[in-house]
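Structure file model16.pdb (PDB, C-alpha atoms) follows.
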```pdb
ATOM      1  CA  MET F   1      26.368 -13.871  -2.789
ATOM      2  CA  LEU F   2      24.692 -11.540  -5.257
ATOM      3  CA  SER F   3      22.719  -8.802  -3.560
ATOM      4  CA  THR F   4      22.435  -5.564  -5.555
ATOM      5  CA  ASP F   5      19.280  -4.594  -7.416
ATOM      6  CA  SER F   6      21.032  -5.031 -10.759
ATOM      7  CA  ASP F   7      22.322  -8.473  -9.768
ATOM      8  CA  LEU F   8      18.886  -9.581  -8.654
ATOM      9  CA  MET F   9      17.150  -8.312 -11.756
ATOM     10  CA  GLU F  10      19.724  -9.792 -14.096
ATOM     11  CA  VAL F  11      19.405 -13.269 -12.587
ATOM     12  CA  MET F  12      15.600 -13.108 -12.364
ATOM     13  CA  THR F  13      15.312 -11.905 -15.959
ATOM     14  CA  ARG F  14      17.682 -14.530 -17.315
ATOM     15  CA  ALA F  15      15.839 -17.258 -15.447
ATOM     16  CA  GLY F  16      12.510 -15.996 -16.762
ATOM     17  CA  LEU F  17      13.788 -15.903 -20.327
ATOM     18  CA  ARG F  18      15.192 -19.433 -20.100
ATOM     19  CA  ALA F  19      11.862 -20.688 -18.778
ATOM     20  CA  ALA F  20      10.084 -18.790 -21.563
ATOM     21  CA  ASP F  21      12.300 -20.512 -24.163
ATOM     22  CA  ALA F  22      11.277 -23.881 -22.759
ATOM     23  CA  LEU F  23       7.599 -22.901 -22.875
ATOM     24  CA  ARG F  24       7.837 -21.775 -26.499
ATOM     25  CA  ASP F  25       9.467 -25.080 -27.371
ATOM     26  CA  ALA F  26       6.678 -26.989 -25.631
ATOM     27  CA  ALA F  27       4.050 -24.827 -27.349
ATOM     28  CA  SER F  28       5.401 -25.927 -30.727
ATOM     29  CA  ARG F  29       4.527 -29.561 -29.943
ATOM     30  CA  LEU F  30       1.368 -29.432 -27.861
ATOM     31  CA  GLU F  31       0.345 -32.887 -29.072
ATOM     32  CA  ARG F  32       3.074 -34.353 -26.822
ATOM     33  CA  LEU F  33       2.106 -32.359 -23.752
ATOM     34  CA  GLU F  34       1.030 -34.190 -20.603
ATOM     35  CA  VAL F  35      -1.872 -32.379 -18.926
ATOM     36  CA  HIS F  36      -3.591 -33.096 -15.620
ATOM     37  CA  GLU F  37      -6.521 -31.408 -13.890
ATOM     38  CA  LYS F  38      -5.531 -30.420 -10.339
ATOM     39  CA  GLY F  39      -8.998 -29.159  -9.541
ATOM     40  CA  ALA F  40     -12.096 -27.824 -11.243
ATOM     41  CA  ALA F  41     -10.851 -26.112 -14.437
ATOM     42  CA  ASP F  42      -7.360 -25.893 -12.870
ATOM     43  CA  PHE F  43      -4.770 -27.546 -15.082
ATOM     44  CA  VAL F  44      -1.076 -28.362 -14.838
ATOM     45  CA  SER F  45       1.073 -29.571 -17.704
ATOM     46  CA  SER F  46       4.528 -31.041 -18.111
ATOM     47  CA  ALA F  47       5.498 -27.598 -19.459
ATOM     48  CA  ASP F  48       4.550 -25.947 -16.136
ATOM     49  CA  LEU F  49       6.718 -28.439 -14.294
ATOM     50  CA  ARG F  50       9.709 -28.016 -16.602
ATOM     51  CA  SER F  51       9.483 -24.214 -16.397
ATOM     52  CA  GLU F  52       9.318 -24.396 -12.604
ATOM     53  CA  GLU F  53      12.350 -26.690 -12.533
ATOM     54  CA  ILE F  54      14.380 -24.238 -14.638
ATOM     55  CA  LEU F  55      13.423 -21.296 -12.451
ATOM     56  CA  ARG F  56      14.222 -23.116  -9.224
ATOM     57  CA  GLU F  57      17.608 -24.263 -10.545
ATOM     58  CA  ASP F  58      18.664 -20.851 -11.865
ATOM     59  CA  LEU F  59      17.443 -18.800  -8.913
ATOM     60  CA  SER F  60      18.736 -21.132  -6.197
ATOM     61  CA  ARG F  61      22.147 -21.299  -7.860
ATOM     62  CA  ALA F  62      22.519 -17.532  -7.500
ATOM     63  CA  PHE F  63      20.593 -17.102  -4.229
ATOM     64  CA  SER F  64      21.139 -20.189  -2.113
ATOM     65  CA  ASP F  65      19.811 -18.433   1.002
ATOM     66  CA  HIS F  66      16.392 -17.748  -0.554
ATOM     67  CA  GLY F  67      13.338 -19.920  -0.217
ATOM     68  CA  PHE F  68      10.571 -20.434  -2.750
ATOM     69  CA  MET F  69       6.813 -20.151  -3.000
ATOM     70  CA  MET F  70       5.936 -21.881  -6.272
ATOM     71  CA  GLU F  71       2.561 -22.720  -7.758
ATOM     72  CA  GLU F  72       3.254 -26.385  -8.376
ATOM     73  CA  SER F  73       5.650 -27.346  -5.561
ATOM     74  CA  GLY F  74       4.527 -24.997  -2.781
ATOM     75  CA  LYS F  75       6.751 -23.431  -0.128
ATOM     76  CA  ARG F  76      10.286 -24.486   0.726
ATOM     77  CA  GLY F  77      13.306 -22.977   2.416
ATOM     78  CA  SER F  78      13.680 -19.524   3.957
ATOM     79  CA  VAL F  79      10.581 -17.526   4.810
ATOM     80  CA  ARG F  80      12.506 -14.263   5.301
ATOM     81  CA  ALA F  81      13.740 -14.031   1.715
ATOM     82  CA  CYS F  82      12.012 -15.971  -1.022
ATOM     83  CA  PHE F  83      11.020 -16.042  -4.657
ATOM     84  CA  ILE F  84       7.296 -16.191  -5.454
ATOM     85  CA  VAL F  85       7.035 -17.941  -8.804
ATOM     86  CA  ASP F  86       4.359 -18.773 -11.346
ATOM     87  CA  PRO F  87       6.163 -20.857 -13.977
ATOM     88  CA  LEU F  88       3.240 -20.628 -16.418
ATOM     89  CA  ASP F  89       0.503 -18.095 -15.752
ATOM     90  CA  GLY F  90      -2.252 -18.888 -18.228
ATOM     91  CA  THR F  91      -1.944 -22.679 -18.424
ATOM     92  CA  THR F  92      -5.427 -23.068 -19.877
ATOM     93  CA  ASN F  93      -4.527 -20.680 -22.699
ATOM     94  CA  PHE F  94      -1.230 -22.494 -23.232
ATOM     95  CA  ILE F  95      -2.647 -25.999 -23.563
ATOM     96  CA  ARG F  96      -5.238 -24.787 -26.082
ATOM     97  CA  GLY F  97      -2.715 -22.899 -28.225
ATOM     98  CA  VAL F  98      -3.891 -19.432 -27.187
ATOM     99  CA  PRO F  99      -0.707 -17.283 -27.181
ATOM    100  CA  THR F 100      -1.389 -15.350 -23.980
ATOM    101  CA  PHE F 101       0.636 -16.710 -21.064
ATOM    102  CA  ALA F 102       3.551 -15.597 -18.927
ATOM    103  CA  VAL F 103       6.329 -16.407 -16.501
ATOM    104  CA  SER F 104       6.080 -14.421 -13.266
ATOM    105  CA  ILE F 105       8.851 -14.053 -10.674
ATOM    106  CA  ALA F 106       8.779 -11.877  -7.548
ATOM    107  CA  ARG F 107      11.363 -11.555  -4.813
ATOM    108  CA  GLU F 108      10.019 -10.998  -1.296
ATOM    109  CA  LEU F 109      12.093  -9.866   1.688
ATOM    110  CA  ASP F 110      10.623  -9.638   5.203
ATOM    111  CA  GLY F 111       7.115  -9.732   3.795
ATOM    112  CA  VAL F 112       7.668  -7.007   1.186
ATOM    113  CA  VAL F 113       7.942  -7.662  -2.547
ATOM    114  CA  THR F 114      11.088  -5.842  -3.652
ATOM    115  CA  HIS F 115      11.641  -7.026  -7.241
ATOM    116  CA  GLY F 116       9.382  -8.344  -9.976
ATOM    117  CA  VAL F 117       9.705  -9.736 -13.491
ATOM    118  CA  VAL F 118       6.906 -10.819 -15.830
ATOM    119  CA  VAL F 119       7.818 -12.305 -19.202
ATOM    120  CA  ASP F 120       5.139 -12.322 -21.910
ATOM    121  CA  VAL F 121       6.288 -15.541 -23.533
ATOM    122  CA  ALA F 122       4.637 -15.246 -26.951
ATOM    123  CA  ARG F 123       5.288 -11.517 -27.432
ATOM    124  CA  ARG F 124       8.772 -11.716 -25.855
ATOM    125  CA  GLU F 125       8.142  -8.621 -23.746
ATOM    126  CA  ILE F 126       9.894  -8.264 -20.391
ATOM    127  CA  PHE F 127       8.118  -6.259 -17.676
ATOM    128  CA  SER F 128      10.238  -5.479 -14.612
ATOM    129  CA  ALA F 129      10.208  -3.382 -11.462
ATOM    130  CA  VAL F 130      12.319  -2.666  -8.392
ATOM    131  CA  ARG F 131      10.629  -1.158  -5.361
ATOM    132  CA  GLY F 132      11.480   2.526  -5.352
ATOM    133  CA  GLY F 133      13.138   2.298  -8.755
ATOM    134  CA  GLY F 134      10.247   2.395 -11.219
ATOM    135  CA  ALA F 135       8.732  -0.098 -13.670
ATOM    136  CA  PHE F 136       9.909  -0.886 -17.183
ATOM    137  CA  VAL F 137       8.939  -2.830 -20.294
ATOM    138  CA  ASP F 138      11.900  -3.907 -22.405
ATOM    139  CA  GLY F 139      13.988  -1.270 -20.648
ATOM    140  CA  LYS F 140      11.552   1.604 -21.275
ATOM    141  CA  ARG F 141       9.960   3.225 -18.246
ATOM    142  CA  MET F 142       6.247   2.518 -17.832
ATOM    143  CA  THR F 143       3.558   4.821 -16.485
ATOM    144  CA  THR F 144      -0.073   4.008 -15.946
ATOM    145  CA  SER F 145      -2.838   5.453 -18.104
ATOM    146  CA  ARG F 146      -3.849   9.084 -17.640
ATOM    147  CA  GLU F 147      -7.355   8.480 -18.971
ATOM    148  CA  LEU F 148     -10.018   9.998 -16.697
ATOM    149  CA  GLU F 149     -13.144   9.521 -18.808
ATOM    150  CA  PRO F 150     -14.828   6.142 -18.084
ATOM    151  CA  SER F 151     -16.331   5.979 -21.569
ATOM    152  CA  ARG F 152     -12.799   5.722 -23.004
ATOM    153  CA  MET F 153     -11.424   3.218 -20.489
ATOM    154  CA  ILE F 154     -10.419  -0.409 -21.075
ATOM    155  CA  VAL F 155     -10.780  -2.713 -18.062
ATOM    156  CA  GLY F 156      -9.309  -6.175 -17.664
ATOM    157  CA  THR F 157     -10.946  -8.874 -15.581
ATOM    158  CA  GLY F 158     -10.809 -12.538 -14.689
ATOM    159  CA  ILE F 159     -14.116 -14.388 -14.879
ATOM    160  CA  PRO F 160     -14.852 -16.947 -12.127
ATOM    161  CA  HIS F 161     -15.099 -20.307 -13.877
ATOM    162  CA  ARG F 162     -16.317 -23.776 -12.899
ATOM    163  CA  GLY F 163     -15.369 -24.606  -9.337
ATOM    164  CA  ARG F 164     -15.417 -21.024  -8.096
ATOM    165  CA  GLY F 165     -18.303 -19.357  -6.323
ATOM    166  CA  GLY F 166     -19.629 -15.833  -6.448
ATOM    167  CA  HIS F 167     -20.879 -15.966 -10.031
ATOM    168  CA  VAL F 168     -24.014 -13.922  -9.349
ATOM    169  CA  GLU F 169     -22.123 -11.219  -7.466
ATOM    170  CA  TYR F 170     -19.409 -11.101 -10.100
ATOM    171  CA  LEU F 171     -21.938 -10.628 -12.903
ATOM    172  CA  GLU F 172     -23.573  -7.779 -10.993
ATOM    173  CA  ALA F 173     -20.201  -6.076 -10.500
ATOM    174  CA  LEU F 174     -19.239  -6.662 -14.128
ATOM    175  CA  GLY F 175     -22.507  -5.124 -15.225
ATOM    176  CA  ASN F 176     -21.769  -2.026 -13.169
ATOM    177  CA  VAL F 177     -18.443  -1.656 -14.963
ATOM    178  CA  MET F 178     -19.346  -2.644 -18.517
ATOM    179  CA  ARG F 179     -22.217  -0.165 -18.755
ATOM    180  CA  GLU F 180     -19.772   2.725 -18.474
ATOM    181  CA  VAL F 181     -16.466   1.747 -20.097
ATOM    182  CA  ALA F 182     -15.242   1.409 -23.669
ATOM    183  CA  GLY F 183     -14.276  -2.243 -23.365
ATOM    184  CA  ILE F 184     -13.749  -5.281 -21.160
ATOM    185  CA  ARG F 185     -10.844  -7.670 -21.744
ATOM    186  CA  ARG F 186     -10.388 -11.190 -20.380
ATOM    187  CA  MET F 187      -6.748 -12.241 -20.920
ATOM    188  CA  GLY F 188      -6.661 -15.417 -18.831
ATOM    189  CA  ALA F 189      -3.312 -14.523 -17.224
ATOM    190  CA  ALA F 190      -3.452 -12.182 -14.227
ATOM    191  CA  ALA F 191       0.271 -11.369 -14.336
ATOM    192  CA  LEU F 192      -0.194  -9.947 -17.837
ATOM    193  CA  ASP F 193      -3.371  -8.089 -16.851
ATOM    194  CA  LEU F 194      -1.431  -6.328 -14.115
ATOM    195  CA  ALA F 195       1.496  -5.661 -16.448
ATOM    196  CA  TYR F 196      -0.935  -4.090 -18.921
ATOM    197  CA  VAL F 197      -2.279  -1.763 -16.223
ATOM    198  CA  ALA F 198       1.303  -0.774 -15.434
ATOM    199  CA  ALA F 199       2.012  -0.128 -19.118
ATOM    200  CA  GLY F 200      -1.088   2.055 -19.551
ATOM    201  CA  ARG F 201      -2.755  -0.434 -21.894
ATOM    202  CA  PHE F 202      -5.542  -1.161 -19.402
ATOM    203  CA  ASP F 203      -7.006   1.457 -17.090
ATOM    204  CA  ALA F 204      -7.951  -1.089 -14.421
ATOM    205  CA  PHE F 205      -8.093  -4.805 -13.704
ATOM    206  CA  PHE F 206     -10.063  -6.845 -11.173
ATOM    207  CA  GLU F 207     -10.334 -10.526 -10.346
ATOM    208  CA  THR F 208     -11.319 -12.705  -7.401
ATOM    209  CA  GLY F 209      -9.703 -15.805  -5.952
ATOM    210  CA  LEU F 210      -6.113 -15.090  -6.965
ATOM    211  CA  ALA F 211      -3.002 -16.662  -5.425
ATOM    212  CA  PRO F 212       0.320 -15.028  -4.409
ATOM    213  CA  TRP F 213       2.151 -16.263  -7.508
ATOM    214  CA  ASP F 214      -0.564 -14.720  -9.705
ATOM    215  CA  VAL F 215      -0.144 -11.198  -8.385
ATOM    216  CA  ALA F 216       3.147 -10.663  -6.517
ATOM    217  CA  ALA F 217       5.253  -9.412  -9.434
ATOM    218  CA  GLY F 218       2.369  -7.705 -11.241
ATOM    219  CA  THR F 219       1.297  -5.745  -8.179
ATOM    220  CA  LEU F 220       4.782  -4.271  -7.856
ATOM    221  CA  LEU F 221       4.743  -3.353 -11.561
ATOM    222  CA  VAL F 222       1.517  -1.378 -11.123
ATOM    223  CA  GLN F 223       2.666   0.378  -7.967
ATOM    224  CA  GLU F 224       6.014   1.374  -9.433
ATOM    225  CA  ALA F 225       4.304   2.656 -12.592
ATOM    226  CA  GLY F 226       2.190   5.018 -10.474
ATOM    227  CA  GLY F 227      -0.949   2.936 -10.052
ATOM    228  CA  VAL F 228      -2.975   1.716  -7.085
ATOM    229  CA  VAL F 229      -3.585  -1.878  -5.981
ATOM    230  CA  THR F 230      -5.946  -2.965  -3.194
ATOM    231  CA  GLN F 231      -8.428  -5.657  -2.470
ATOM    232  CA  THR F 232     -11.827  -5.125  -4.053
ATOM    233  CA  ASP F 233     -13.116  -3.588  -0.820
ATOM    234  CA  GLY F 234     -10.351  -0.970  -0.751
ATOM    235  CA  VAL F 235      -8.261  -2.615   1.958
ATOM    236  CA  GLU F 236      -4.509  -2.576   1.366
ATOM    237  CA  ALA F 237      -3.388  -5.130  -1.210
ATOM    238  CA  HIS F 238      -2.113  -8.486  -0.059
ATOM    239  CA  LEU F 239      -0.796 -11.448  -2.011
ATOM    240  CA  SER F 240      -3.970 -13.469  -2.404
ATOM    241  CA  GLY F 241      -7.723 -13.143  -2.717
ATOM    242  CA  ASP F 242      -9.623 -10.398  -4.528
ATOM    243  CA  VAL F 243      -7.518  -7.815  -6.349
ATOM    244  CA  LEU F 244      -8.278  -4.438  -7.929
ATOM    245  CA  ALA F 245      -5.508  -2.588  -9.762
ATOM    246  CA  SER F 246      -6.118   0.851 -11.245
ATOM    247  CA  SER F 247      -4.167   3.489 -13.115
ATOM    248  CA  SER F 248      -4.919   6.290 -10.643
ATOM    249  CA  ARG F 249      -6.574   6.989  -7.303
ATOM    250  CA  GLY F 250      -9.574   8.611  -9.009
ATOM    251  CA  THR F 251     -10.105   5.622 -11.273
ATOM    252  CA  HIS F 252      -9.596   3.289  -8.328
ATOM    253  CA  ASP F 253     -12.223   4.934  -6.137
ATOM    254  CA  ALA F 254     -14.749   4.850  -8.972
ATOM    255  CA  MET F 255     -14.018   1.166  -9.595
ATOM    256  CA  LEU F 256     -14.376   0.325  -5.902
ATOM    257  CA  ALA F 257     -17.913   1.703  -5.941
ATOM    258  CA  ARG F 258     -18.825  -0.389  -8.976
ATOM    259  CA  LEU F 259     -17.331  -3.546  -7.455
ATOM    260  CA  ALA F 260     -19.394  -3.273  -4.251
ATOM    261  CA  PRO F 261     -21.241  -6.561  -5.004
ATOM    262  CA  LEU F 262     -17.932  -8.442  -4.697
ATOM    263  CA  HIS F 263     -17.344  -6.874  -1.305
ATOM    264  CA  ARG F 264     -20.817  -7.892  -0.158
ATOM    265  CA  ARG F 265     -20.009 -11.462  -1.176
ATOM    266  CA  SER F 266     -16.708 -11.471   0.708
ATOM    267  CA  THR F 267     -18.240 -10.087   3.922
ATOM    268  CA  SER F 268     -21.203 -12.458   3.883
ATOM    269  CA  THR F 269     -19.161 -15.676   3.597
TER     270      THR F 269
END
```
Could you spell out this file's structure in structure tokens?
Amino acid sequence: MLSTDSDLMEVMTRAGLRAADALRDAASRLERLEVHEKGAADFVSSADLRSEEILREDLSRAFSDHGFMMEESGKRGSVRACFIVDPLDGTTNFIRGVPTFAVSIARELDGVVTHGVVVDVARREIFSAVRGGGAFVDGKRMTTSRELEPSRMIVGTGIPHRGRGGHVEYLEALGNVMREVAGIRRMGAAALDLAYVAAGRFDAFFETGLAPWDVAAGTLLVQEAGGVVTQTDGVEAHLSGDVLASSSRGTHDAMLARLAPLHRRSTST
């Protein structure tokens, strides 16, 4: 049984790259893609399912004692050690030919995420982190942004779409942020937003209504790159719900104040 950090990362990375190859192949023939709407503005395609199949096969072959938490097939197997997998983060982008989507794989042990890999499929970038061992992009160590002036900051966000509540509160919070920063970016793939905070490309990122597979790997990337991740009310980060990731504690505290409307929504429901 493989168990070292290097073994884990090698298998997770190879699995992510093989899934990414399958996604690029599917992206080249979108006219053949089967797409279904799971819920309001929540899509799944045959490409998601094929990517998930590849990841489950490759990871379970190397780690037969691990369970899985996967976006499309849910939980199965061990709860002590498991892989938290998003086979295609950014499905809506993917099915429309927008080249911003990712494969996200996290390994969790006893409730703690220990390893994470995010593959930017179109750009072929590999973001990775081991708890206590730092965060890297294509083998180069990442550190979060050192920008302290809000007027020069770039902030990523996820906009609540059809089927999600809290639109009024979100717009108030967004207004608080956009009045002071240099730019707002909406990528449509939370794993990449978090990876961009880790790489110093974004100074912060916030979104509501996220799932464990959206944030597990990306949260570890940010933390290992020197950043801070909590819920939008400042409570310690968990693997679902409202997420705020920032490049530094000072930036984080300032963002928390501006996102107060989101906290009011969460405490009133």
Name every residue that the PyMOL selection byres ((chain F and resi 114-128) around 7) selects in this structure, writing the answer as a PyMOL selection string with chains first and numbers rising.
chain F and resi 12-13+16+20+99-109+112-113+129-131+135-138+191+195+217+220-221
Two-atom distance - CA of Gly183 (chain F), CA of Met153 (chain F) (Å):
6.8 Å
Rounded to one decimal, what separation in Å do you get between CA of Asp89 (chain F) and CA of Glu207 (chain F)?
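Those two atoms sit 14.3 Å apart.
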Between CA of Glu236 (chain F) and CA of Pro261 (chain F), what is the distance, to one decimal in Å?
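Computed distance, CA of Glu236 (chain F) to CA of Pro261 (chain F), equals 18.3 Å.
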With the file shown as input, list the residues that the PyMOL selection byres ((chain F and resi 57-60) around 12) selects, as a PyMOL selection string.
chain F and resi 1-2+7-19+50-56+61-68+76-78+81-85+105-107
Expected axis-aligned box over every listed atom of region 259-264 of chain F, 6 Å added per side, centre plus edges in Å to one decimal, as lines of an AutoDock Vina configuration file:
```
center_x = -19.3
center_y = -5.9
center_z = -3.8
size_x = 15.9
size_y = 17.2
size_z = 19.3
```
Residues in the PyMOL selection byres ((chain F and resi 250) around 12), expressed as a PyMOL selection string
chain F and resi 145-150+203-204+227-228+245-249+251-257
Written file, previous selection with C-alpha atoms, as a tab-separated table (two decimals), keeping the file's coordinate frame:
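As a result, result_9.tsv now contains:
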```
chain	number	residue	atom	x	y	z
F	145	SER	CA	-2.84	5.45	-18.10
F	146	ARG	CA	-3.85	9.08	-17.64
F	147	GLU	CA	-7.36	8.48	-18.97
F	148	LEU	CA	-10.02	10.00	-16.70
F	149	GLU	CA	-13.14	9.52	-18.81
F	150	PRO	CA	-14.83	6.14	-18.08
F	203	ASP	CA	-7.01	1.46	-17.09
F	204	ALA	CA	-7.95	-1.09	-14.42
F	227	GLY	CA	-0.95	2.94	-10.05
F	228	VAL	CA	-2.98	1.72	-7.08
F	245	ALA	CA	-5.51	-2.59	-9.76
F	246	SER	CA	-6.12	0.85	-11.24
F	247	SER	CA	-4.17	3.49	-13.12
F	248	SER	CA	-4.92	6.29	-10.64
F	249	ARG	CA	-6.57	6.99	-7.30
F	251	THR	CA	-10.10	5.62	-11.27
F	252	HIS	CA	-9.60	3.29	-8.33
F	253	ASP	CA	-12.22	4.93	-6.14
F	254	ALA	CA	-14.75	4.85	-8.97
F	255	MET	CA	-14.02	1.17	-9.60
F	256	LEU	CA	-14.38	0.32	-5.90
F	257	ALA	CA	-17.91	1.70	-5.94
```
Tell me, as a list in words, which residues lie within 7 Å of region 168-180 of chain F, counting all atoms listed in the file; anything in the same chain fewer than 3 positions away does not count.
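Everything that qualifies: Pro150, Ser151, Ile184, Arg258, Leu259, Ala260, Pro261, Leu262 and Arg265 of chain F.
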Between F:Asp193, F:Leu210, F:Ala225, F:Ile95, which is the closest to Ala237 (chain F) once you count only C-alpha atoms?
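Checking each candidate against Ala237 (chain F), we get F:Leu210 as the closest.
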May I have the residues within 7 Å of Ala211 (chain F) as an MDAnalysis selection string, using all atoms listed in the file and disregarding those fewer than 6 positions away in the same chain?
chainID F and resid 239:241
